[in-house]
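Notes follow once the structure below has been shown.
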Amino acid sequence: MLDAIKNRRSIRKYKSKPVPPEMVEEILQAGFYAPTGRGVKPWHFVVVDDPAVLQEIMKIHPYMGMLKTAPMAIIVCGDTALSSDLWTADCAAATENILLQAYELGLGTCWCGIEPNAFRMEAFSKLLGLPENVKAYSGIAVGFPDEEKPVPDRYDAKAVHRNHW
């Protein structure tokens, strides 16, 4: 697992090849198995593979231009009626699980934040027809990568503290 954590990179160029449905289901399963505060599981996942909807997403989110080549996106949403205080943490955990499982399957991903930008959250809500209590948290571009990125050394012993600062 440390290999996936270290080597997964944000991919912004994708091959024009659809993601097979069984792979989509497997990465969604990873999202459903994320840890969740109080066992609430407030997440919902909107799989977007309609090119017209992907185009609209790029109009809403200035940092999701990689959808020009990515064949799909997953919009991670949280039900605020189930969890008014922890839904963002739960959705972050689900997002990370999706990224790691996609990497394990040879897929590339790029996590783009939606929450807490009120404009983007409202625009995604309208575009996707989300219920009032369901809020868009993140957008994940998904596809077969068409670029490779080096792995930086990120471990920083100076940021590790034992028992106290």
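Within each chain, counting starts at residue 1; across the structure tokens, chains are named A, B, ... in the order shown, with ligands numbered 1 upward in that order.
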Kindly assemble as a tab-separated table a list of the range 56-100 of chain A residues that lie within 10 Å of range 111-119 of chain A, each paired with its nearest atom pair and their distance in Å to one decimal, using only C-alpha atoms, sorted first by chain and then by ascending residue number.
residue	atom	partner	partner_atom	distance
A:Ile60	CA	A:Phe119	CA	8.6
A:His61	CA	A:Ile114	CA	7.9
A:Pro62	CA	A:Cys112	CA	9.8
A:Tyr63	CA	A:Cys112	CA	7.0
A:Met64	CA	A:Cys112	CA	6.8
A:Ala73	CA	A:Trp111	CA	9.8
A:Ile74	CA	A:Trp111	CA	9.5
A:Ile75	CA	A:Ile114	CA	9.1
A:Val76	CA	A:Ile114	CA	9.3
A:Cys77	CA	A:Glu115	CA	9.5
A:Thr88	CA	A:Glu115	CA	8.1
A:Ala92	CA	A:Gly113	CA	9.7
A:Thr95	CA	A:Trp111	CA	7.7
A:Glu96	CA	A:Trp111	CA	8.6
A:Ile98	CA	A:Trp111	CA	9.8
A:Leu99	CA	A:Trp111	CA	7.8
Per DSSP on the backbone, what are the strand (DSSP E) residues of chain A, as a JSON list (two decimals) with N, CA, C and O atoms, in the first residue's frame?
[["chain", "number", "residue", "atom", "x", "y", "z"],
["A", 43, "TRP", "N", -21.56, 9.73, 2.14],
["A", 43, "TRP", "CA", -21.13, 9.97, 0.76],
["A", 43, "TRP", "C", -22.10, 9.42, -0.28],
["A", 43, "TRP", "O", -22.83, 8.47, -0.07],
["A", 44, "HIS", "N", -22.07, 10.09, -1.42],
["A", 44, "HIS", "CA", -22.74, 9.67, -2.65],
["A", 44, "HIS", "C", -21.74, 9.94, -3.77],
["A", 44, "HIS", "O", -20.96, 10.89, -3.68],
["A", 45, "PHE", "N", -21.77, 9.14, -4.82],
["A", 45, "PHE", "CA", -20.83, 9.29, -5.92],
["A", 45, "PHE", "C", -21.61, 9.44, -7.23],
["A", 45, "PHE", "O", -22.44, 8.60, -7.56],
["A", 46, "VAL", "N", -21.35, 10.52, -7.94],
["A", 46, "VAL", "CA", -21.97, 10.75, -9.24],
["A", 46, "VAL", "C", -20.90, 10.46, -10.30],
["A", 46, "VAL", "O", -19.89, 11.16, -10.38],
["A", 47, "VAL", "N", -21.11, 9.40, -11.07],
["A", 47, "VAL", "CA", -20.19, 9.03, -12.13],
["A", 47, "VAL", "C", -20.62, 9.78, -13.39],
["A", 47, "VAL", "O", -21.77, 9.66, -13.82],
["A", 48, "VAL", "N", -19.70, 10.56, -13.94],
["A", 48, "VAL", "CA", -20.00, 11.36, -15.12],
["A", 48, "VAL", "C", -19.13, 10.88, -16.27],
["A", 48, "VAL", "O", -17.90, 10.99, -16.21],
["A", 72, "MET", "N", -13.86, 10.22, -17.92],
["A", 72, "MET", "CA", -14.91, 10.27, -16.89],
["A", 72, "MET", "C", -14.44, 11.05, -15.67],
["A", 72, "MET", "O", -13.25, 11.33, -15.51],
["A", 73, "ALA", "N", -15.42, 11.37, -14.84],
["A", 73, "ALA", "CA", -15.15, 12.00, -13.55],
["A", 73, "ALA", "C", -16.09, 11.39, -12.52],
["A", 73, "ALA", "O", -17.16, 10.89, -12.87],
["A", 74, "ILE", "N", -15.65, 11.42, -11.30],
["A", 74, "ILE", "CA", -16.50, 11.03, -10.18],
["A", 74, "ILE", "C", -16.63, 12.26, -9.30],
["A", 74, "ILE", "O", -15.62, 12.85, -8.89],
["A", 75, "ILE", "N", -17.86, 12.65, -9.05],
["A", 75, "ILE", "CA", -18.12, 13.77, -8.14],
["A", 75, "ILE", "C", -18.51, 13.16, -6.80],
["A", 75, "ILE", "O", -19.51, 12.45, -6.70],
["A", 76, "VAL", "N", -17.68, 13.41, -5.80],
["A", 76, "VAL", "CA", -17.94, 12.90, -4.45],
["A", 76, "VAL", "C", -18.80, 13.93, -3.73],
["A", 76, "VAL", "O", -18.45, 15.12, -3.68],
["A", 77, "CYS", "N", -19.92, 13.47, -3.21],
["A", 77, "CYS", "CA", -20.88, 14.35, -2.55],
["A", 77, "CYS", "C", -21.16, 13.84, -1.14],
["A", 77, "CYS", "O", -20.99, 12.65, -0.86],
["A", 78, "GLY", "N", -21.59, 14.75, -0.28],
["A", 78, "GLY", "CA", -21.93, 14.37, 1.09],
["A", 78, "GLY", "C", -23.34, 14.78, 1.45],
["A", 78, "GLY", "O", -23.79, 15.87, 1.08],
["A", 79, "ASP", "N", -24.02, 13.92, 2.19],
["A", 79, "ASP", "CA", -25.38, 14.19, 2.65],
["A", 79, "ASP", "C", -25.30, 14.89, 4.00],
["A", 79, "ASP", "O", -25.01, 14.27, 5.03],
["A", 108, "GLY", "N", -5.20, 6.63, -13.85],
["A", 108, "GLY", "CA", -4.74, 7.92, -13.35],
["A", 108, "GLY", "C", -5.92, 8.71, -12.84],
["A", 108, "GLY", "O", -7.06, 8.52, -13.30],
["A", 109, "THR", "N", -5.66, 9.58, -11.88],
["A", 109, "THR", "CA", -6.71, 10.43, -11.31],
["A", 109, "THR", "C", -6.15, 11.80, -11.00],
["A", 109, "THR", "O", -4.94, 12.00, -10.90],
["A", 110, "CYS", "N", -7.06, 12.73, -10.81],
["A", 110, "CYS", "CA", -6.70, 14.05, -10.30],
["A", 110, "CYS", "C", -7.85, 14.55, -9.42],
["A", 110, "CYS", "O", -8.99, 14.63, -9.87],
["A", 111, "TRP", "N", -7.54, 14.83, -8.17],
["A", 111, "TRP", "CA", -8.51, 15.31, -7.19],
["A", 111, "TRP", "C", -8.60, 16.82, -7.32],
["A", 111, "TRP", "O", -7.60, 17.53, -7.19],
["A", 112, "CYS", "N", -9.80, 17.32, -7.53],
["A", 112, "CYS", "CA", -10.04, 18.76, -7.60],
["A", 112, "CYS", "C", -11.10, 19.11, -6.55],
["A", 112, "CYS", "O", -12.20, 18.55, -6.57],
["A", 113, "GLY", "N", -10.76, 20.02, -5.66],
["A", 113, "GLY", "CA", -11.69, 20.41, -4.61],
["A", 113, "GLY", "C", -12.86, 21.22, -5.15],
["A", 113, "GLY", "O", -12.71, 22.04, -6.07],
["A", 134, "VAL", "N", -27.66, 17.33, -0.23],
["A", 134, "VAL", "CA", -26.45, 16.69, -0.75],
["A", 134, "VAL", "C", -25.57, 17.77, -1.39],
["A", 134, "VAL", "O", -26.02, 18.51, -2.26],
["A", 135, "LYS", "N", -24.33, 17.83, -0.92],
["A", 135, "LYS", "CA", -23.39, 18.87, -1.37],
["A", 135, "LYS", "C", -22.21, 18.24, -2.09],
["A", 135, "LYS", "O", -21.66, 17.23, -1.64],
["A", 136, "ALA", "N", -21.77, 18.86, -3.18],
["A", 136, "ALA", "CA", -20.59, 18.39, -3.91],
["A", 136, "ALA", "C", -19.35, 18.72, -3.09],
["A", 136, "ALA", "O", -19.18, 19.85, -2.62],
["A", 137, "TYR", "N", -18.49, 17.73, -2.93],
["A", 137, "TYR", "CA", -17.26, 17.91, -2.15],
["A", 137, "TYR", "C", -16.02, 17.97, -3.05],
["A", 137, "TYR", "O", -15.20, 18.86, -2.92],
["A", 138, "SER", "N", -15.87, 16.97, -3.93],
["A", 138, "SER", "CA", -14.69, 16.93, -4.78],
["A", 138, "SER", "C", -15.04, 16.35, -6.14],
["A", 138, "SER", "O", -16.02, 15.62, -6.30],
["A", 139, "GLY", "N", -14.21, 16.69, -7.11],
["A", 139, "GLY", "CA", -14.31, 16.10, -8.44],
["A", 139, "GLY", "C", -13.03, 15.34, -8.71],
["A", 139, "GLY", "O", -11.94, 15.83, -8.42],
["A", 140, "ILE", "N", -13.17, 14.13, -9.24],
["A", 140, "ILE", "CA", -12.00, 13.30, -9.53],
["A", 140, "ILE", "C", -12.03, 12.94, -11.01],
["A", 140, "ILE", "O", -12.94, 12.25, -11.48],
["A", 141, "ALA", "N", -11.04, 13.41, -11.75],
["A", 141, "ALA", "CA", -10.87, 12.97, -13.13],
["A", 141, "ALA", "C", -10.31, 11.55, -13.09],
["A", 141, "ALA", "O", -9.45, 11.25, -12.25],
["A", 142, "VAL", "N", -10.79, 10.67, -13.97],
["A", 142, "VAL", "CA", -10.36, 9.27, -13.97],
["A", 142, "VAL", "C", -10.14, 8.82, -15.41],
["A", 142, "VAL", "O", -10.97, 9.10, -16.28],
["A", 143, "GLY", "N", -9.06, 8.10, -15.64],
["A", 143, "GLY", "CA", -8.79, 7.53, -16.95],
["A", 143, "GLY", "C", -7.45, 6.84, -16.98],
["A", 143, "GLY", "O", -6.74, 6.76, -15.97]]
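Considering the residues A:Lys59, A:His161, A:Lys68, A:Lys41 and counting only C-alpha atoms, Ala89 in chain A has its shortest atom-to-atom contact with A:Lys41.
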Let's see if you can do this: from backbone DSSP, list all helix (DSSP H, G or I) residues in chain A, as JSON, numbers by chain. {"A": [2, 3, 4, 5, 6, 7, 21, 22, 23, 24, 25, 26, 27, 28, 29, 30, 31, 32, 37, 38, 39, 51, 52, 53, 54, 55, 56, 57, 58, 59, 60, 65, 66, 67, 68, 87, 88, 89, 90, 91, 92, 93, 94, 95, 96, 97, 98, 99, 100, 101, 102, 103, 104, 118, 119, 120, 121, 122, 123, 124, 125, 126, 127, 128, 157, 158, 159]}
Just write the chosen residues, C-alpha atoms, as a CSV table (one decimal), in the first residue's frame.
chain,number,residue,atom,x,y,z
A,2,LEU,CA,2.9,2.4,0.7
A,3,ASP,CA,3.8,2.0,-3.0
A,4,ALA,CA,0.4,3.3,-4.1
A,5,ILE,CA,0.6,6.2,-1.5
A,6,LYS,CA,4.1,7.2,-2.6
A,7,ASN,CA,3.7,6.8,-6.4
A,21,PRO,CA,-17.4,-0.7,-15.9
A,22,GLU,CA,-15.9,-3.3,-13.7
A,23,MET,CA,-13.0,-1.0,-12.9
A,24,VAL,CA,-15.4,1.9,-12.2
A,25,GLU,CA,-17.3,-0.4,-9.8
A,26,GLU,CA,-14.0,-1.4,-8.0
A,27,ILE,CA,-12.9,2.1,-7.4
A,28,LEU,CA,-16.4,3.1,-6.2
A,29,GLN,CA,-16.2,0.1,-3.8
A,30,ALA,CA,-13.0,1.6,-2.4
A,31,GLY,CA,-14.9,4.8,-1.7
A,32,PHE,CA,-17.6,3.0,0.1
A,37,GLY,CA,-17.2,9.4,11.7
A,38,ARG,CA,-19.8,7.8,13.8
A,39,GLY,CA,-20.4,5.2,11.1
A,51,PRO,CA,-19.0,14.3,-22.8
A,52,ALA,CA,-21.5,17.1,-22.7
A,53,VAL,CA,-21.7,17.0,-18.9
A,54,LEU,CA,-17.9,16.8,-18.7
A,55,GLN,CA,-17.8,20.0,-20.8
A,56,GLU,CA,-20.1,21.7,-18.4
A,57,ILE,CA,-18.0,20.7,-15.5
A,58,MET,CA,-15.0,22.4,-17.1
A,59,LYS,CA,-17.0,25.6,-17.4
A,60,ILE,CA,-17.8,25.5,-13.7
A,65,GLY,CA,-9.4,21.2,-17.7
A,66,MET,CA,-8.0,17.7,-17.7
A,67,LEU,CA,-11.5,16.5,-18.5
A,68,LYS,CA,-10.7,17.5,-22.1
A,87,TRP,CA,-19.3,15.0,6.0
A,88,THR,CA,-16.3,16.8,4.6
A,89,ALA,CA,-13.8,14.6,6.5
A,90,ASP,CA,-15.8,11.5,5.5
A,91,CYS,CA,-15.8,12.6,1.8
A,92,ALA,CA,-12.1,13.3,2.0
A,93,ALA,CA,-11.4,9.8,3.2
A,94,ALA,CA,-13.7,8.4,0.4
A,95,THR,CA,-11.9,10.5,-2.2
A,96,GLU,CA,-8.5,9.3,-1.1
A,97,ASN,CA,-9.6,5.6,-1.2
A,98,ILE,CA,-10.8,6.1,-4.7
A,99,LEU,CA,-7.5,7.7,-5.8
A,100,LEU,CA,-5.5,4.8,-4.3
A,101,GLN,CA,-7.6,2.1,-5.7
A,102,ALA,CA,-7.6,3.7,-9.2
A,103,TYR,CA,-3.8,3.8,-9.0
A,104,GLU,CA,-3.7,0.1,-8.1
A,118,ALA,CA,-19.9,28.2,-2.5
A,119,PHE,CA,-20.2,29.1,-6.2
A,120,ARG,CA,-18.8,25.8,-7.4
A,121,MET,CA,-20.9,23.8,-4.9
A,122,GLU,CA,-24.1,25.5,-6.1
A,123,ALA,CA,-23.2,25.1,-9.8
A,124,PHE,CA,-22.5,21.4,-9.3
A,125,SER,CA,-25.7,21.0,-7.4
A,126,LYS,CA,-27.7,22.5,-10.3
A,127,LEU,CA,-25.7,20.7,-13.0
A,128,LEU,CA,-26.1,17.3,-11.4
A,157,ALA,CA,11.7,14.2,9.9
A,158,LYS,CA,11.5,17.8,11.1
A,159,ALA,CA,7.7,17.6,11.0
Find the residues near range 12-19 of chain A: any atom within 6 Å, counting only C-alpha atoms, skip ones fewer than 4 places away on the same chain, and give them as JSON, numbers by chain. {"A": [66, 69, 70, 71, 143, 144, 145, 146]}
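Going from CA of Ile11 in chain A over to CA of Asp156 in chain A, you cover 24.1 Å.
The space separating CA of Tyr155 in chain A from CA of Gly106 in chain A comes to 24.4 Å.
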